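Just below is one structure, and these are the notes that go with it.
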Amino acid sequence: MTCRYIIAAMLLSVAATVQAQQEYVTDTLTRNYTKQTMNAIGVGTAQMLDTYLSHEKYSGLEVRFINQNERRTVGNRWSRMLQSVATIDYGKSRSGDGSMIDALYNFGYARHYSWHWMADRLQLQVGGMAQAYVGVGYSLRNQNNPVQMHLGINIAPSAILSWHTHLWKRPFMLRYQVETPLIGVMFAPNYGQSYYEIFNRGNYEHNVVVTHPFNAFSIRQLVSADVSWGRHTLRLGFQLDIKQAEVNNIKQHNYAGAIMVGMIRHFQLSDIIPR
């Protein structure tokens with residue numbers, strides 16, 4: 001019963017992040033702001049390990065999608081960003097006789113404070129991001145316990161460093177973005193504990209675990225180059241995403257790297273509300 005209450009609280013936290021997104025959209029319609037929306041798709045490789053499902057490492061293909069909405073009020077150094085990252089991985093074991101699918105959706109709400117140097121050509125944004133994630137790992141080989149659930153929330157320091165210049169007489173920007181979870185909670189069964197025991201029989205065994213860099217070090221980095229024309233920008237980049245956890249006698253990791261291609265659309269207040 002205790003486990004159910006805790007999981008319900010985690011789901012309410014996810015719902016709260018969705019509510020924050022709705023409030024964010026409403027707020028952008030009532031203030032003088034600039035906004036940019038990016039949609040990017042990436043393809044790369046991933047290595048997966050989850051000892052709850054198998055002690056084997058699985059390597060294969062990853063496809064990921066990123067959506068970012070960043071808004072800044074004119075004359076204010078603070079900016080807000082909504083970020084959604086969805087990934088799906090498919091990998092095979094080293095022997096080739098086993099397969100695993102891993103899918104994850106991560107939503108983040110961030111606030112950054114910015115500093116500018118060299119006539120605004122160099123910009124540093126530093127702040128924090130609240131993240132909520134949900135997903136599933138599925139072993140195509142297992143008969144018992146073939147599924148592992150991913151569910152958690154965390155707080156992550158976040159930073160963006162960008163360099164603005166011109167290339168071929170067009171605005172050009174080099175950008176580096178990083179976030180790494182500092183503290184959070186995640187759901188995790190114990191080794192050998194079935195989901196039937198947890199949810200149907202109520203055998204709770206510390207299945208909601210506090211996470212920190214010493215038991216779940218993770219980091220996501222994106223290096224990109226942007227070329228702009230008009231209110232559109234082409235973004236080419238590479239994202240390195242490292243997710244790890246060692247809790248309840250279970251080891252998990254997902255090491256992924258993907259080449260990203262995306263488009264950015266820039267908005268002004270007058271695009272939505274006539275002046």
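Residue names in the structure tokens use chain letters A, B, ... in the order shown, residue numbers from 1 in each chain, and ligand numbers from 1 in the order shown.
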**OP:** Tell me, as a ChimeraX atom specification, which residues lie within 8 Å of region 245-262 of chain A, counting only C-alpha atoms; anything in the same chain fewer than 6 positions away does not count.
**Re:** /A:38-52,62-64,188-191,207,209,215-217,234-239
**OP:** Give me the residues within 9 Å of region 192-197 of chain A as a ChimeraX atom specification, counting only C-alpha atoms and dropping any in the same chain fewer than 3 places off.
**Re:** /A:52,144-145,147-148,189,200-205
For the residues in that selection, give me C-alpha atoms as a compact mmCIF listing (two decimals), in the first residue's frame.
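That gives us selection_12.txt:
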```txt
# COMPACT_ATOMS: atom_id res chain seq x y z
CA TYR A 52 17.12 -7.04 -13.63
CA ASN A 144 9.83 -14.34 -16.54
CA ASN A 145 10.18 -10.64 -15.70
CA VAL A 147 9.77 -5.85 -18.55
CA GLN A 148 11.54 -3.16 -16.55
CA PRO A 189 12.42 -3.32 -8.01
CA ASN A 200 -0.61 -7.21 -6.56
CA ARG A 201 0.70 -8.54 -3.26
CA GLY A 202 1.92 -5.23 -1.86
CA ASN A 203 5.39 -6.53 -1.01
CA TYR A 204 7.14 -3.16 -0.90
CA GLU A 205 10.93 -3.38 -0.45
```
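The spacing separating CA of Asn142 (chain A) from CA of Thr87 (chain A) amounts to 22.3 Å.
Using only C-alpha atoms, the nearest neighbour of Ile88 (chain A) within the list A:Gly137, A:Pro157, A:Gly108, A:Gly128 is A:Gly137.
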Original post:
Between CA of Arg175 (chain A) and CA of Trp229 (chain A), what is the spacing in Å?
Top reply: 17.3 Å
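For the pair CA of Thr211 (chain A) and CA of Met100 (chain A), the interatomic distance is 24.6 Å.
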Subject >> Close residues, Asn106 (chain A) itself excluded, 9 Å, only C-alpha atoms, min 6 positions apart in chain, as number ranges by chain >> reply: A: 83-87, 131-135
Pull N, CA, C and O atoms from the residues just selected and write them as an mmCIF file, in the first residue's frame.
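Wrote again30.cif, looks like this:
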```cif
data_model
loop_
_atom_site.group_PDB
_atom_site.id
_atom_site.type_symbol
_atom_site.label_atom_id
_atom_site.label_comp_id
_atom_site.auth_asym_id
_atom_site.auth_seq_id
_atom_site.Cartn_x
_atom_site.Cartn_y
_atom_site.Cartn_z
ATOM 1 N N GLN A 83 11.780 21.303 -22.409
ATOM 2 C CA GLN A 83 12.529 20.350 -23.227
ATOM 3 C C GLN A 83 11.915 18.960 -23.120
ATOM 4 O O GLN A 83 11.674 18.458 -22.025
ATOM 5 N N SER A 84 11.659 18.354 -24.271
ATOM 6 C CA SER A 84 11.190 16.974 -24.343
ATOM 7 C C SER A 84 12.193 16.164 -25.152
ATOM 8 O O SER A 84 12.585 16.575 -26.250
ATOM 9 N N VAL A 85 12.611 15.038 -24.586
ATOM 10 C CA VAL A 85 13.531 14.129 -25.276
ATOM 11 C C VAL A 85 12.909 12.739 -25.267
ATOM 12 O O VAL A 85 12.653 12.174 -24.197
ATOM 13 N N ALA A 86 12.646 12.191 -26.439
ATOM 14 C CA ALA A 86 12.075 10.849 -26.565
ATOM 15 C C ALA A 86 13.069 9.962 -27.311
ATOM 16 O O ALA A 86 13.594 10.360 -28.358
ATOM 17 N N THR A 87 13.347 8.795 -26.755
ATOM 18 C CA THR A 87 14.311 7.883 -27.376
ATOM 19 C C THR A 87 13.733 6.477 -27.452
ATOM 20 O O THR A 87 12.941 6.066 -26.606
ATOM 21 N N GLN A 131 13.193 17.640 -13.948
ATOM 22 C CA GLN A 131 12.947 16.623 -14.958
ATOM 23 C C GLN A 131 12.039 15.521 -14.423
ATOM 24 O O GLN A 131 12.095 15.164 -13.245
ATOM 25 N N ALA A 132 11.221 14.994 -15.297
ATOM 26 C CA ALA A 132 10.401 13.813 -15.003
ATOM 27 C C ALA A 132 10.524 12.876 -16.200
ATOM 28 O O ALA A 132 10.516 13.318 -17.349
ATOM 29 N N TYR A 133 10.665 11.587 -15.926
ATOM 30 C CA TYR A 133 10.822 10.646 -17.033
ATOM 31 C C TYR A 133 10.003 9.385 -16.784
ATOM 32 O O TYR A 133 9.730 8.993 -15.648
ATOM 33 N N VAL A 134 9.611 8.761 -17.891
ATOM 34 C CA VAL A 134 8.866 7.521 -17.845
ATOM 35 C C VAL A 134 9.259 6.697 -19.072
ATOM 36 O O VAL A 134 9.503 7.250 -20.148
ATOM 37 N N GLY A 135 9.347 5.406 -18.894
ATOM 38 C CA GLY A 135 9.729 4.560 -20.019
ATOM 39 C C GLY A 135 9.658 3.100 -19.648
ATOM 40 O O GLY A 135 9.187 2.710 -18.571
#
```
Subject >> Residue contacts of His266 (chain A) (9 Å, only C-alpha atoms) excluding same-chain residues fewer than 2 positions away, as a VMD selection string >> reply: chain A and resid 34 to 38 230 to 233 264 268
I'd like the neighbourhood of Met186 (chain A) as a compact mmCIF listing (two decimals) with N, CA, C and O atoms, in the first residue's frame, where a residue qualifies if any of its atoms comes within 9 Å (using only C-alpha atoms), though same-chain residues fewer than 4 positions away should be ignored.
```
# COMPACT_ATOMS: atom_id res chain seq x y z
N MET A 10 4.63 10.27 -7.33
CA MET A 10 5.54 10.50 -8.46
C MET A 10 4.76 10.83 -9.71
O MET A 10 5.15 11.71 -10.49
N HIS A 150 10.76 2.33 -16.20
CA HIS A 150 11.57 3.50 -15.88
C HIS A 150 10.64 4.60 -15.41
O HIS A 150 9.73 5.01 -16.15
N LEU A 151 10.84 5.09 -14.21
CA LEU A 151 9.99 6.15 -13.68
C LEU A 151 10.76 6.91 -12.62
O LEU A 151 11.31 6.31 -11.69
N GLY A 152 10.81 8.24 -12.77
CA GLY A 152 11.53 9.02 -11.78
C GLY A 152 11.42 10.51 -12.03
O GLY A 152 10.93 10.97 -13.07
N ILE A 153 11.88 11.28 -11.05
CA ILE A 153 11.97 12.72 -11.14
C ILE A 153 13.31 13.15 -10.56
O ILE A 153 13.88 12.45 -9.72
N ASN A 154 13.83 14.30 -11.01
CA ASN A 154 15.08 14.79 -10.45
C ASN A 154 15.25 16.28 -10.71
O ASN A 154 14.51 16.87 -11.50
N ASN A 207 11.24 0.25 -2.86
CA ASN A 207 11.24 0.33 -4.32
C ASN A 207 11.27 1.75 -4.87
O ASN A 207 11.39 1.94 -6.08
N VAL A 208 11.14 2.74 -4.02
CA VAL A 208 11.34 4.13 -4.42
C VAL A 208 12.63 4.60 -3.75
O VAL A 208 12.73 4.65 -2.52
N VAL A 209 13.65 4.88 -4.58
CA VAL A 209 15.00 5.10 -4.09
C VAL A 209 15.43 6.53 -4.38
O VAL A 209 15.18 7.06 -5.47
N VAL A 210 16.09 7.15 -3.41
CA VAL A 210 16.69 8.47 -3.62
C VAL A 210 17.92 8.31 -4.50
O VAL A 210 18.76 7.43 -4.26
N THR A 211 18.03 9.14 -5.53
CA THR A 211 19.16 9.05 -6.46
C THR A 211 20.03 10.30 -6.34
O THR A 211 19.55 11.39 -6.05
```
So which residues touch Leu182 (chain A) within 6 Å, counting only C-alpha atoms, skipping near sequence neighbours fewer than 5 positions away, as a short mmCIF file (atom, residue, chain, number, x, y, z; two decimals) with C-alpha atoms, in the first residue's frame?
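Saved file part20.cif follows:
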```cif
data_model
loop_
_atom_site.label_atom_id
_atom_site.label_comp_id
_atom_site.auth_asym_id
_atom_site.auth_seq_id
_atom_site.Cartn_x
_atom_site.Cartn_y
_atom_site.Cartn_z
CA ILE A 155 16.65 18.22 -10.24
CA ALA A 156 19.56 18.87 -12.60
CA HIS A 212 22.31 11.19 -6.53
#
```
Original post:
What are the DSSP strand (DSSP E) residues of region 22-263 of chain A, as a ChimeraX atom specification?
Top reply: /A:33-50,54-73,78-93,99-117,122-139,147-167,170-179,183-187,208-211,219-229,232-247,250-263
